[in-house]
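> Before anything else, here's the structure in question.
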Amino acid sequence: MIVSLQPHPIPPGQPAVLDQVAGHLDGEAVGRIVAASADLSLVIDADGVIRDASIGTDLEAENIPGWLGRRWVDTVTVESRPKVDALLRDARPQGITRWRQVNHPSPSGIDLPIRYASIRPAEGGPILVLGRDMRAVAGLQRRLMETQQALERDYERLRAVETRYRLLFQISGEPVLVVDAGTRRVAEANPAAARLLGRPAKRVAGQDVVELFDAGSTRALEAQFAALRATGQAGEIRAALPHGRGEVTVAVSLFRGEGGASALMRLVVDTAPAEAGPGQDVPTQAVIEAMPEGFVVTDSSRRVLTANAAFLELAQLATEGQVRGRTVDHWLGRDETEAQALFATLSDHGAVRRFATVIRGAYGGVEDVEVAAVSVAGARPCLGFAIRPAPRRIPEGRFGGGREVPRSVEQMAELVGRVSMKTLVRETTDLIEKLCIEAALRITRDNRASAAEMLGLSRQGLYAKMRRYGVGDLDGPIEAE
């Protein structure tokens, strides 16, 4: 079939280039041009039946050859049928119709979107329909819609989080201020803080937080904020409220938000201690502070309220302010499982005696300790921990007869439930390796080559384990292999 495409009118005086080219083209050449210019081309007869089709490689899986002999309108989805009727009705020799997107049912289950335009090369002749594959555009549109829906869901979640935060902030009984870390201006104050400061919350917002306290506390507050900006953390201080309203403990924590760095300032009001009766004026705090064993008191959520100097020494810290407000399990226990076992036993029985664990220092030091703990109920429930360094499980000295086993089977069994199985197996393995090395050296009278052969180790491997367990005297020269 030879298709004749009529060119647009050419202004007078210009050469009819299209006429010159068209005069040298046959029907097959025109067909190739049409196939190259569109992803899909259809030839439709006067009854709207598809008589021929040219298919691009990207559409070979869509079973388009099965459309041949069918009415074009029967190959599209219901909502696309009016568009097909318009494309057939508007096809004229004078020019191509406007493009319309039509959807075809696809074997993959997802509609195949094609953008069509039609032209009738000759009056009363067949209609040529050119189609462009719109799957890539449809995929982008689908992803854009999915992204928009995800953003809407995230926005709803953020609104819910903000609502919960504001509700907790307003109903909290603890006085809290949100302060800009750079300018020290109060951004928000909850009702408890406004009552404590004796000002309406609207008058507190926007004020320099230092001006909300007595003038005598100005220097301490300025130093606290300077440390917060320099290092990101600052210790607690005591500050006096204006007009003789008492003193509070001020604790600040730095956090970053959309507007920059802010500080969460908590004002902790000390409860009045109970009056001591006759003969009860005992310097309890001084005694606890001077104890050679570590002593810590926490609230029911295990946040430290007070700690003595011995505990600070074990934790490798300098001041009590560095531990106050943090959970005690930050330093206590080899791992989280061991600490949870201690707290679970304390919760179930109300007291724990001689719980073997470790204290992890701030600078990497690890100290074996024994912990005795008690849970105290009342208006302000709290937990008390007495922590003492544990005696060395393996006595010093060289290998020899009569050495006591560092931990018996019964002692190992008592730790089940308190210490993770991984830790028990590791310690038991280390203990057995150490005892085997000591026994081999004792049998061979400190002949390390014979001991290594007896244990099935190389001499270098034996020396490495001896160093690890502190066995023997390795100051002398190491024997060559």
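We label chains A, B, ... in the order they appear in the structure tokens, count residues from 1 in each chain, and number ligands from 1 in the order shown.
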So that I can see what lies close to A:Gly384, please list as a ChimeraX atom specification the residues with an atom at most 7 Å from it, counting only C-alpha atoms and leaving out residues fewer than 3 positions away in the same chain.

/A:296-298,373-375

> Just write the chosen residues, C-alpha atoms, as an mmCIF file, in the first residue's frame.


data_model
loop_
_atom_site.group_PDB
_atom_site.id
_atom_site.type_symbol
_atom_site.label_atom_id
_atom_site.label_comp_id
_atom_site.auth_asym_id
_atom_site.auth_seq_id
_atom_site.Cartn_x
_atom_site.Cartn_y
_atom_site.Cartn_z
ATOM 1 C CA VAL A 296 24.848 4.831 94.796
ATOM 2 C CA VAL A 297 21.191 5.811 95.247
ATOM 3 C CA THR A 298 18.933 5.903 92.173
ATOM 4 C CA ALA A 373 21.402 -3.827 96.239
ATOM 5 C CA VAL A 374 18.043 -3.081 97.857
ATOM 6 C CA SER A 375 14.751 -1.636 96.628
#

> Would you please give, as number ranges by chain, all residues of stretch 133-212 of chain A that DSSP assigns to helix (DSSP H, G or I) based on the backbone?

A: 135-171, 191-197, 201-204, 209-212

> Check the DSSP output for the backbone and give back, as a ChimeraX atom specification, the residues of stretch 83-264 of chain A in strand (DSSP E or B).

/A:92,95,100-104,112-119,127-133,176-180,185-189,208,237-240,247-257,260-264

> Write out as a PyMOL selection string the residues lying within 12 Å of A:Leu457, counting only C-alpha atoms and excluding same-chain residues fewer than 2 positions away.

chain A and resi 433+436-437+440+448-455+459-466+481

> Let me see the file: selected residues, all heavy atoms, as a compact mmCIF listing (two decimals), in the first residue's frame.


# COMPACT_ATOMS: atom_id res chain seq x y z
N GLU A 433 42.14 -23.33 79.49
CA GLU A 433 43.39 -23.16 78.76
C GLU A 433 44.53 -22.81 79.71
O GLU A 433 45.64 -23.35 79.60
CB GLU A 433 43.23 -22.06 77.70
CG GLU A 433 42.44 -22.48 76.48
CD GLU A 433 42.51 -21.44 75.38
OE1 GLU A 433 43.09 -20.37 75.63
OE2 GLU A 433 42.00 -21.70 74.28
N CYS A 436 45.55 -25.90 81.74
CA CYS A 436 46.26 -26.88 80.92
C CYS A 436 47.71 -26.44 80.67
O CYS A 436 48.64 -27.26 80.72
CB CYS A 436 45.54 -27.08 79.59
SG CYS A 436 43.97 -27.97 79.73
N ILE A 437 47.91 -25.17 80.40
CA ILE A 437 49.27 -24.67 80.17
C ILE A 437 50.10 -24.82 81.44
O ILE A 437 51.27 -25.27 81.40
CB ILE A 437 49.22 -23.20 79.72
CG1 ILE A 437 48.61 -23.12 78.31
CG2 ILE A 437 50.61 -22.58 79.72
CD1 ILE A 437 48.33 -21.70 77.86
N ALA A 440 50.99 -28.52 81.89
CA ALA A 440 52.02 -28.99 80.96
C ALA A 440 53.39 -28.47 81.35
O ALA A 440 54.39 -29.20 81.28
CB ALA A 440 51.66 -28.54 79.54
N ARG A 448 59.50 -25.54 77.67
CA ARG A 448 58.40 -25.00 76.90
C ARG A 448 58.23 -25.70 75.54
O ARG A 448 57.12 -25.80 75.02
CB ARG A 448 58.61 -23.50 76.70
CG ARG A 448 58.57 -22.78 78.04
CD ARG A 448 58.92 -21.34 77.94
NE ARG A 448 59.04 -20.75 79.27
CZ ARG A 448 59.39 -19.49 79.50
NH1 ARG A 448 59.68 -18.71 78.47
NH2 ARG A 448 59.46 -19.02 80.72
N ALA A 449 59.32 -26.17 74.95
CA ALA A 449 59.20 -26.89 73.70
C ALA A 449 58.40 -28.18 73.90
O ALA A 449 57.50 -28.51 73.12
CB ALA A 449 60.59 -27.20 73.13
N SER A 450 58.73 -28.92 75.00
CA SER A 450 58.00 -30.15 75.28
C SER A 450 56.55 -29.85 75.67
O SER A 450 55.63 -30.57 75.29
CB SER A 450 58.69 -30.93 76.41
OG SER A 450 60.00 -31.27 76.05
N ALA A 451 56.35 -28.75 76.41
CA ALA A 451 54.99 -28.38 76.80
C ALA A 451 54.14 -28.03 75.59
O ALA A 451 52.96 -28.40 75.50
CB ALA A 451 55.02 -27.22 77.79
N ALA A 452 54.74 -27.30 74.62
CA ALA A 452 53.99 -26.94 73.42
C ALA A 452 53.62 -28.18 72.63
O ALA A 452 52.49 -28.31 72.12
CB ALA A 452 54.81 -25.98 72.56
N GLU A 453 54.56 -29.16 72.53
CA GLU A 453 54.27 -30.39 71.81
C GLU A 453 53.19 -31.18 72.52
O GLU A 453 52.30 -31.77 71.89
CB GLU A 453 55.56 -31.21 71.68
CG GLU A 453 55.40 -32.50 70.88
CD GLU A 453 56.71 -33.25 70.75
OE1 GLU A 453 57.74 -32.75 71.26
OE2 GLU A 453 56.71 -34.33 70.14
N MET A 454 53.24 -31.21 73.86
CA MET A 454 52.24 -31.93 74.64
C MET A 454 50.84 -31.34 74.42
O MET A 454 49.84 -32.07 74.35
CB MET A 454 52.60 -31.89 76.13
CG MET A 454 51.63 -32.62 77.04
SD MET A 454 52.11 -32.46 78.77
CE MET A 454 53.67 -33.34 78.75
N LEU A 455 50.77 -30.02 74.31
CA LEU A 455 49.47 -29.34 74.16
C LEU A 455 49.01 -29.25 72.71
O LEU A 455 47.89 -28.79 72.44
CB LEU A 455 49.55 -27.92 74.75
CG LEU A 455 49.77 -27.83 76.25
CD1 LEU A 455 50.06 -26.40 76.66
CD2 LEU A 455 48.55 -28.36 77.01
N ARG A 459 55.39 -23.34 69.47
CA ARG A 459 55.99 -22.62 70.59
C ARG A 459 55.56 -21.15 70.61
O ARG A 459 55.31 -20.58 71.67
CB ARG A 459 57.52 -22.74 70.51
CG ARG A 459 58.03 -24.03 71.14
CD ARG A 459 59.53 -24.16 71.00
NE ARG A 459 59.92 -24.53 69.63
CZ ARG A 459 61.18 -24.66 69.23
NH1 ARG A 459 62.17 -24.42 70.06
NH2 ARG A 459 61.44 -24.99 67.99
N GLN A 460 55.44 -20.55 69.43
CA GLN A 460 54.98 -19.16 69.40
C GLN A 460 53.55 -19.06 69.91
O GLN A 460 53.19 -18.11 70.62
CB GLN A 460 55.06 -18.62 67.96
CG GLN A 460 56.47 -18.54 67.40
CD GLN A 460 57.34 -17.58 68.19
OE1 GLN A 460 56.85 -16.63 68.77
NE2 GLN A 460 58.65 -17.86 68.23
N GLY A 461 52.70 -20.04 69.55
CA GLY A 461 51.33 -20.03 70.07
C GLY A 461 51.30 -20.21 71.57
O GLY A 461 50.48 -19.58 72.27
N LEU A 462 52.20 -21.06 72.12
CA LEU A 462 52.26 -21.24 73.57
C LEU A 462 52.68 -19.94 74.25
O LEU A 462 52.11 -19.53 75.27
CB LEU A 462 53.24 -22.37 73.90
CG LEU A 462 53.50 -22.61 75.40
CD1 LEU A 462 52.21 -23.02 76.11
CD2 LEU A 462 54.59 -23.65 75.61
N TYR A 463 53.70 -19.26 73.66
CA TYR A 463 54.16 -18.01 74.27
C TYR A 463 53.04 -16.96 74.27
O TYR A 463 52.88 -16.20 75.23
CB TYR A 463 55.38 -17.47 73.51
CG TYR A 463 56.58 -18.38 73.58
CD1 TYR A 463 57.48 -18.47 72.52
CD2 TYR A 463 56.82 -19.17 74.72
CE1 TYR A 463 58.58 -19.31 72.56
CE2 TYR A 463 57.93 -20.00 74.77
CZ TYR A 463 58.80 -20.07 73.70
OH TYR A 463 59.88 -20.89 73.76
N ALA A 464 52.27 -16.92 73.20
CA ALA A 464 51.18 -15.94 73.11
C ALA A 464 50.14 -16.18 74.20
O ALA A 464 49.66 -15.25 74.85
CB ALA A 464 50.52 -15.99 71.73
N LYS A 465 49.80 -17.45 74.43
CA LYS A 465 48.81 -17.76 75.47
C LYS A 465 49.39 -17.53 76.86
O LYS A 465 48.68 -17.13 77.78
CB LYS A 465 48.33 -19.20 75.31
CG LYS A 465 47.46 -19.41 74.08
CD LYS A 465 46.92 -20.82 74.00
CE LYS A 465 46.02 -20.99 72.77
NZ LYS A 465 44.78 -20.18 72.89
N MET A 466 50.70 -17.80 77.04
CA MET A 466 51.31 -17.53 78.34
C MET A 466 51.28 -16.04 78.67
O MET A 466 51.04 -15.65 79.82
CB MET A 466 52.76 -18.06 78.34
CG MET A 466 52.85 -19.59 78.35
SD MET A 466 54.56 -20.19 78.17
CE MET A 466 55.29 -19.59 79.69
N GLU A 481 61.84 -21.31 66.64
CA GLU A 481 61.16 -22.52 66.14
C GLU A 481 62.19 -23.48 65.57
O GLU A 481 63.13 -23.04 64.91
CB GLU A 481 60.14 -22.12 65.06
CG GLU A 481 58.92 -21.41 65.60
CD GLU A 481 57.99 -22.35 66.31
OE1 GLU A 481 58.22 -23.57 66.27
OE2 GLU A 481 57.03 -21.89 66.94

> Could you name the residues that touch A:Gly246 at 10 Å or less, counting only C-alpha atoms, but leaving out those on the same chain fewer than 3 positions away, as a ChimeraX atom specification?

/A:196,214,239-243,269-270

> Grab the residues selected above and save them as a CSV table (one decimal), in the first residue's frame with all heavy atoms.


chain,number,residue,atom,x,y,z
A,196,LEU,N,6.6,27.8,89.0
A,196,LEU,CA,7.8,27.8,89.8
A,196,LEU,C,8.4,29.2,89.8
A,196,LEU,O,8.9,29.7,90.8
A,196,LEU,CB,8.8,26.7,89.4
A,196,LEU,CG,10.1,26.6,90.2
A,196,LEU,CD1,9.8,26.2,91.6
A,196,LEU,CD2,11.0,25.6,89.6
A,214,ASP,N,17.7,34.6,90.4
A,214,ASP,CA,18.3,35.6,91.3
A,214,ASP,C,19.7,36.1,90.7
A,214,ASP,O,20.4,35.3,90.1
A,214,ASP,CB,18.5,35.1,92.7
A,214,ASP,CG,18.9,36.2,93.7
A,214,ASP,OD1,18.1,37.0,94.1
A,214,ASP,OD2,20.1,36.2,94.0
A,239,ALA,N,20.9,27.0,91.6
A,239,ALA,CA,20.5,28.4,91.3
A,239,ALA,C,19.4,28.8,92.2
A,239,ALA,O,18.5,28.0,92.5
A,239,ALA,CB,20.2,28.5,89.8
A,240,ALA,N,19.4,30.1,92.6
A,240,ALA,CA,18.4,30.7,93.5
A,240,ALA,C,17.3,31.3,92.6
A,240,ALA,O,17.6,32.0,91.6
A,240,ALA,CB,19.0,31.7,94.4
A,241,LEU,N,16.0,31.1,93.0
A,241,LEU,CA,14.9,31.7,92.3
A,241,LEU,C,14.7,33.2,92.8
A,241,LEU,O,15.1,33.5,93.9
A,241,LEU,CB,13.6,30.9,92.5
A,241,LEU,CG,13.6,29.5,92.0
A,241,LEU,CD1,12.4,28.7,92.4
A,241,LEU,CD2,13.7,29.5,90.5
A,242,PRO,N,14.1,34.0,92.0
A,242,PRO,CA,14.0,35.4,92.5
A,242,PRO,C,13.0,35.5,93.6
A,242,PRO,O,12.1,34.6,93.8
A,242,PRO,CB,13.5,36.1,91.2
A,242,PRO,CG,12.8,35.1,90.4
A,242,PRO,CD,13.6,33.8,90.7
A,243,HIS,N,13.1,36.7,94.3
A,243,HIS,CA,12.1,37.0,95.4
A,243,HIS,C,12.1,35.9,96.5
A,243,HIS,O,11.1,35.7,97.1
A,243,HIS,CB,10.7,37.2,94.9
A,243,HIS,CG,10.7,38.1,93.7
A,243,HIS,ND1,11.1,39.4,93.7
A,243,HIS,CD2,10.2,37.9,92.4
A,243,HIS,CE1,10.9,40.0,92.5
A,243,HIS,NE2,10.4,39.0,91.7
A,269,VAL,N,13.3,20.6,91.9
A,269,VAL,CA,13.0,21.2,93.2
A,269,VAL,C,13.3,20.2,94.3
A,269,VAL,O,12.8,19.0,94.2
A,269,VAL,CB,11.6,21.7,93.3
A,269,VAL,CG1,11.3,22.3,94.6
A,269,VAL,CG2,11.2,22.6,92.2
A,270,ASP,N,14.2,20.5,95.2
A,270,ASP,CA,14.5,19.6,96.3
A,270,ASP,C,13.3,19.5,97.3
A,270,ASP,O,12.7,20.5,97.7
A,270,ASP,CB,15.7,20.1,97.1
A,270,ASP,CG,17.0,20.1,96.2
A,270,ASP,OD1,17.0,19.3,95.2
A,270,ASP,OD2,17.9,20.8,96.4

> Any idea what's packed within 9 Å of A:Gly206, counting only C-alpha atoms, ignoring anything in its chain fewer than 6 positions away? Could you give it as a list of chain:residue names?

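Here the answer would be A:Arg185, A:Val186, A:Ala187, A:Glu188.
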
> Using only C-alpha atoms, which protein or nucleic acid residues come within 12 Å of stretch 334-346 of chain A? Drop anything in the same chain fewer than 5 positions from it, and give the result as an MDAnalysis selection string.

chainID A and resid 300:302 327:329 351:361 365:376 382:385 415:424

> Write to file, as a short mmCIF file (atom, residue, chain, number, x, y, z; two decimals), in the first residue's frame, the residues of the selection just made, with C-alpha atoms.


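Output file again_3.cif is given in full below:
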data_model
loop_
_atom_site.label_atom_id
_atom_site.label_comp_id
_atom_site.auth_asym_id
_atom_site.auth_seq_id
_atom_site.Cartn_x
_atom_site.Cartn_y
_atom_site.Cartn_z
CA SER A 300 12.93 3.73 90.36
CA SER A 301 14.09 4.18 86.74
CA ARG A 302 17.74 3.66 87.84
CA THR A 327 21.30 5.44 84.55
CA VAL A 328 23.57 3.35 86.76
CA ASP A 329 23.78 0.55 84.16
CA ALA A 351 17.33 -7.29 97.49
CA VAL A 352 20.47 -8.76 95.92
CA ARG A 353 23.60 -9.97 97.74
CA ARG A 354 27.12 -10.54 96.40
CA PHE A 355 26.28 -10.20 92.71
CA ALA A 356 29.56 -10.58 90.81
CA THR A 357 29.93 -8.15 87.91
CA VAL A 358 32.22 -5.33 86.73
CA ILE A 359 32.34 -1.53 86.76
CA ARG A 360 33.28 0.03 83.41
CA GLY A 361 35.21 3.25 83.85
CA GLY A 365 39.05 0.67 82.90
CA VAL A 366 37.23 -2.47 84.04
CA GLU A 367 37.10 -3.46 87.72
CA ASP A 368 35.64 -6.71 89.09
CA VAL A 369 33.14 -5.88 91.85
CA GLU A 370 30.48 -7.43 94.04
CA VAL A 371 27.15 -5.63 94.29
CA ALA A 372 24.62 -5.63 97.11
CA ALA A 373 21.40 -3.83 96.24
CA VAL A 374 18.04 -3.08 97.86
CA SER A 375 14.75 -1.64 96.63
CA VAL A 376 13.03 0.84 98.96
CA CYS A 382 14.48 4.38 95.18
CA LEU A 383 17.22 1.79 94.73
CA GLY A 384 20.43 1.57 96.75
CA PHE A 385 23.63 -0.09 95.51
CA LEU A 415 25.85 -17.31 87.74
CA VAL A 416 23.37 -18.87 85.31
CA GLY A 417 20.62 -16.30 84.83
CA ARG A 418 22.86 -13.50 86.02
CA VAL A 419 25.54 -13.65 83.32
CA SER A 420 25.02 -14.49 79.65
CA MET A 421 26.01 -17.98 78.51
CA LYS A 422 28.47 -16.45 76.05
CA THR A 423 30.36 -14.78 78.91
CA LEU A 424 30.34 -17.98 81.02
#

> Mind pulling up the distance from atom CA of A:Val250 to atom CA of A:Arg238?

6.1 Å

> Wanna dump the stretch 82-105 of chain A-stretch 121-134 of chain A contacts at 8 Å for me, each residue with its shortest atom pair and the distance in Å to one decimal, counting only C-alpha atoms, ordered by chain and number, as a Markdown table?


| residue | atom | partner | partner_atom | distance |
| --- | --- | --- | --- | --- |
| A:Leu88 | CA | A:Ile127 | CA | 7.5 |
| A:Ala91 | CA | A:Ile127 | CA | 7.0 |
| A:Arg92 | CA | A:Glu123 | CA | 7.3 |
| A:Pro93 | CA | A:Pro121 | CA | 4.9 |

> State, in Å with one decimal place, the distance from atom CA of A:Pro200 to atom CA of A:Arg159.

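So the answer is 26.6 Å.
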
> Which stretch 103-125 of chain A residues have any atom within 10 Å of an atom of stretch 138-150 of chain A, and for each, what is the nearest pair of atoms with distance in Å to one decimal, counting only C-alpha atoms, rows sorted by chain and number, as a tab-separated table?


residue	atom	partner	partner_atom	distance
A:Asp111	CA	A:Ala138	CA	10.0
A:Leu112	CA	A:Ala138	CA	9.3
A:Pro113	CA	A:Ala138	CA	7.4
A:Ile114	CA	A:Ala138	CA	9.9

> Which residue, A:Asn103, A:Ala310, A:Leu254, A:Arg388, has the smallest gap to A:Ser80 when you use only C-alpha atoms?

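Selected residue with least distance to A:Ser80: A:Asn103.
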
> State, in Å with one decimal place, the distance from atom CA of A:Leu87 to atom CA of A:Ile119.

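Going from atom CA of A:Leu87 over to atom CA of A:Ile119 covers 8.6 Å.
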
> Smallest atom-to-atom distance to A:Arg229: which of A:Arg266, A:Arg51, A:Arg245, A:Arg184, using only C-alpha atoms?

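Smallest distance to A:Arg229 is found for A:Arg184.
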
> Which polymer residues have any atom within 10 Å of an atom of A:Ser253, counting only C-alpha atoms, with same-chain residues fewer than 5 positions away left out, as a list in words?

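With the cut-off at 10 Å, the set is Val178, Ala181, Leu228, Gly232, Gln233, Ala234, Gly235, Ser262, Ala263, Leu264, Met265 and Arg266 of chain A.
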